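The structure under discussion appears below in the form of structure tokens.
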Amino acid sequence: MEKHKSVLIDEAISGLNINPSGIYVDCTLGRAGHALKIANQLNRDGRLIGFDQDIEAINESSSILKSFQPLLIHANFRQLKNELNHHEIKNIDGFLFDFGVSSPQLDEGERGFSYQQDAKLDMRMNQSSHLTAYEIVNEWPYEKLVNIFFTYGEEKFSKQIARHIERNRQIKKIETTFELVEIIKDAIPAPARRKGGHPAKRTFQAIRIAVNDELNAINEALHQAAELCTIGGRIVVITFHSLEDRLCKAVFNKWTREKPTPRGLPIIPEENLAPFKLLTKKPVVPSDEEIKANRRARSSKLRIVEKVKEWDIQFTYKKEWN
């Protein structure tokens, strides 16, 4: 199993601009790579809070962070507001989001995330959730499969793959990752299979996003973090594929855009000022050295915003990535 390495770790911690007495929330705790760095910069008055929907991540991080006495919450980050309100925690100085699948989730065969290991179709980040990859592959109608493969996987052979899945599952249920991989390979023309990486990569990504409702969860969590963030506080986001990054970029651009001001006014009215300041006009990307040391860092991008004024945030959670 490949040991999990947190990506852009120094850039993320620097981006948080940590106040040693502040309150910081790692919304994607994983194996505590970023959280441990945050904890080491806090004093006795500071506080670290970690969220993860994977109970294995919570258990492992609990051991790693034991001496810092963090508050670790077993919940999806879309529950940020409810969980923090439950613990009577407000005025957060910084939020860190590290999206994507952790190395242990990819490498543990029984989790069913990887197209390179044979396992039962699962892909649940939260193992107590009901929806699995097995249900999507074997029960969702053709039209719905096409939609998620194209929307979440940006797969140009979505129709062919969905049709092959539909035909095969009529003969027998599709049980494992390798069975699905073979069906995907058969659906994609031979010339296309020879370029662009593993032929099942985009389809597996799409199913995983659908199983975990990832993009809606990201959108909701970002808006909740914006509401809970204190003035001067920061939100740091690391994404791993274009859909995540497109969504985060759209949200951050909306938050940092000033309202139109009538010509002739000497100053911009307070109500027209943007509630956040964008600190990364272009995303921060990993160095060549980091990519060489950790191949899973190669597609990562980091974006940062800082809250500069209070804002009456409208929680419409519309699909900002479209």
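Naming scheme: A, B, ... for chains in displayed order of the structure tokens; residues 1 onward per chain; ligands 1 onward as shown.
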Residues near Glu182 in chain A, cut-off 12 Å, only C-alpha atoms, skip fewer than 6 positions along chain, as number ranges by chain: A: 115-116, 118, 161, 164-165, 168, 174, 176, 188, 193, 198-200
DSSP strand (DSSP E) residues within range 29-188 of chain A, listed as a count of residues only: 17
Which residue gives the smallest distance to Lys185 in chain A among A:Phe276, A:Phe157, A:Phe99, A:Phe77, with only C-alpha atoms counted? A:Phe157
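Using only C-alpha atoms, the contacts of Glu135 in chain A at a cut-off of 10 Å, with sequence neighbours closer than 3 positions omitted, comprise Leu121, Asp122, His130, Leu131, Thr132, Asn138, Glu139, Trp140, Ile174, Glu175 and Val211 of chain A.
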Those residues with C-alpha atoms, as a compact mmCIF listing (two decimals), in the first residue's frame please?
```
# COMPACT_ATOMS: atom_id res chain seq x y z
CA LEU A 121 -18.17 -2.31 -6.56
CA ASP A 122 -18.52 0.09 -3.63
CA HIS A 130 -26.56 3.31 1.41
CA LEU A 131 -25.80 4.18 -2.22
CA THR A 132 -22.93 2.16 -3.72
CA ASN A 138 -26.69 -2.38 -12.03
CA GLU A 139 -29.85 -0.35 -11.41
CA TRP A 140 -29.58 3.15 -12.81
CA ILE A 174 -21.83 -6.63 -12.62
CA GLU A 175 -20.19 -7.42 -9.28
CA VAL A 211 -21.96 7.71 -5.14
```
Show me, as an MDAnalysis selection string, the residues that have an atom within 10 Å of Pro141 in chain A when counting only C-alpha atoms, minus same-chain residues fewer than 3 positions from it. chainID A and resid 136:138 144:146 162:163 166
Export N, CA and C atoms of the chosen residues as an mmCIF file, in the first residue's frame?
```cif
data_model
loop_
_atom_site.group_PDB
_atom_site.id
_atom_site.type_symbol
_atom_site.label_atom_id
_atom_site.label_comp_id
_atom_site.auth_asym_id
_atom_site.auth_seq_id
_atom_site.Cartn_x
_atom_site.Cartn_y
_atom_site.Cartn_z
ATOM 1 N N ILE A 136 -25.534 1.810 -8.658
ATOM 2 C CA ILE A 136 -25.520 2.693 -9.830
ATOM 3 C C ILE A 136 -25.316 1.887 -11.108
ATOM 4 N N VAL A 137 -24.319 1.030 -11.108
ATOM 5 C CA VAL A 137 -23.972 0.268 -12.315
ATOM 6 C C VAL A 137 -25.074 -0.711 -12.696
ATOM 7 N N ASN A 138 -25.719 -1.319 -11.734
ATOM 8 C CA ASN A 138 -26.690 -2.375 -12.028
ATOM 9 C C ASN A 138 -28.146 -1.921 -12.069
ATOM 10 N N LYS A 144 -29.496 7.930 -17.304
ATOM 11 C CA LYS A 144 -28.847 8.482 -16.111
ATOM 12 C C LYS A 144 -27.355 8.150 -16.092
ATOM 13 N N LEU A 145 -27.007 6.949 -16.557
ATOM 14 C CA LEU A 145 -25.595 6.577 -16.647
ATOM 15 C C LEU A 145 -24.867 7.484 -17.645
ATOM 16 N N VAL A 146 -25.481 7.705 -18.795
ATOM 17 C CA VAL A 146 -24.876 8.586 -19.796
ATOM 18 C C VAL A 146 -24.623 9.966 -19.199
ATOM 19 N N ALA A 162 -22.353 3.260 -21.404
ATOM 20 C CA ALA A 162 -23.643 3.005 -20.753
ATOM 21 C C ALA A 162 -24.395 1.877 -21.458
ATOM 22 N N ARG A 163 -24.327 1.833 -22.794
ATOM 23 C CA ARG A 163 -25.024 0.788 -23.541
ATOM 24 C C ARG A 163 -24.410 -0.583 -23.259
ATOM 25 N N GLU A 166 -25.522 -1.701 -19.856
ATOM 26 C CA GLU A 166 -26.922 -2.114 -19.904
ATOM 27 C C GLU A 166 -27.039 -3.533 -20.475
#
```
How many Å separate CA of Leu215 in chain A from CA of Gly15 in chain A?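 It comes out at 23.2 Å.
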Restricting the calculation to only C-alpha atoms, which member of A:Lys5, A:Arg124, A:Lys90, A:Lys37 is positioned closest to Asn76 in chain A?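 When distances to Asn76 in chain A are compared using only C-alpha atoms, the smallest one comes from A:Arg124.
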Identify, on the basis of only C-alpha atoms, every residue whose closest approach to Gly50 in chain A does not exceed 7 Å; exclude the query and any residue fewer than 5 positions from it along the same chain; express the result as a CSV table (one decimal) with C-alpha atoms, in the first residue's frame.
```
chain,number,residue,atom,x,y,z
A,25,VAL,CA,-10.9,23.4,10.7
A,26,ASP,CA,-9.5,20.7,8.4
A,27,CYS,CA,-12.6,19.7,6.5
A,29,LEU,CA,-8.9,15.2,7.7
A,71,LEU,CA,-12.0,17.7,18.1
A,72,LEU,CA,-12.5,15.1,15.4
A,73,ILE,CA,-16.0,14.8,13.9
```
Pro286 in chain A: which residues within 10 Å, counting only C-alpha atoms, same-chain residues fewer than 2 positions away excluded, as a list in words?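 Neighbouring residues, sequence-local ones excluded: Val7, Leu8, Ile9, Glu11, Pro283, Val284, Asp288, Glu289, Glu290, Ile291, Lys292, Asn294, Ala297, Arg298, Ser299, Ser300, Lys301 and Leu302 of chain A.
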What is the CA of Phe178 in chain A-CA of Gln127 in chain A distance in Å, reported with one decimal?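 Spanning CA of Phe178 in chain A to CA of Gln127 in chain A is a straight-line distance of 20.9 Å.
Using only C-alpha atoms, the protein and nucleic acid residues lying no more than 9 Å from Trp311 in chain A, apart from those fewer than 4 places from it along its own chain, are A:Ala226, A:Glu227, A:Ala274, A:Pro275.
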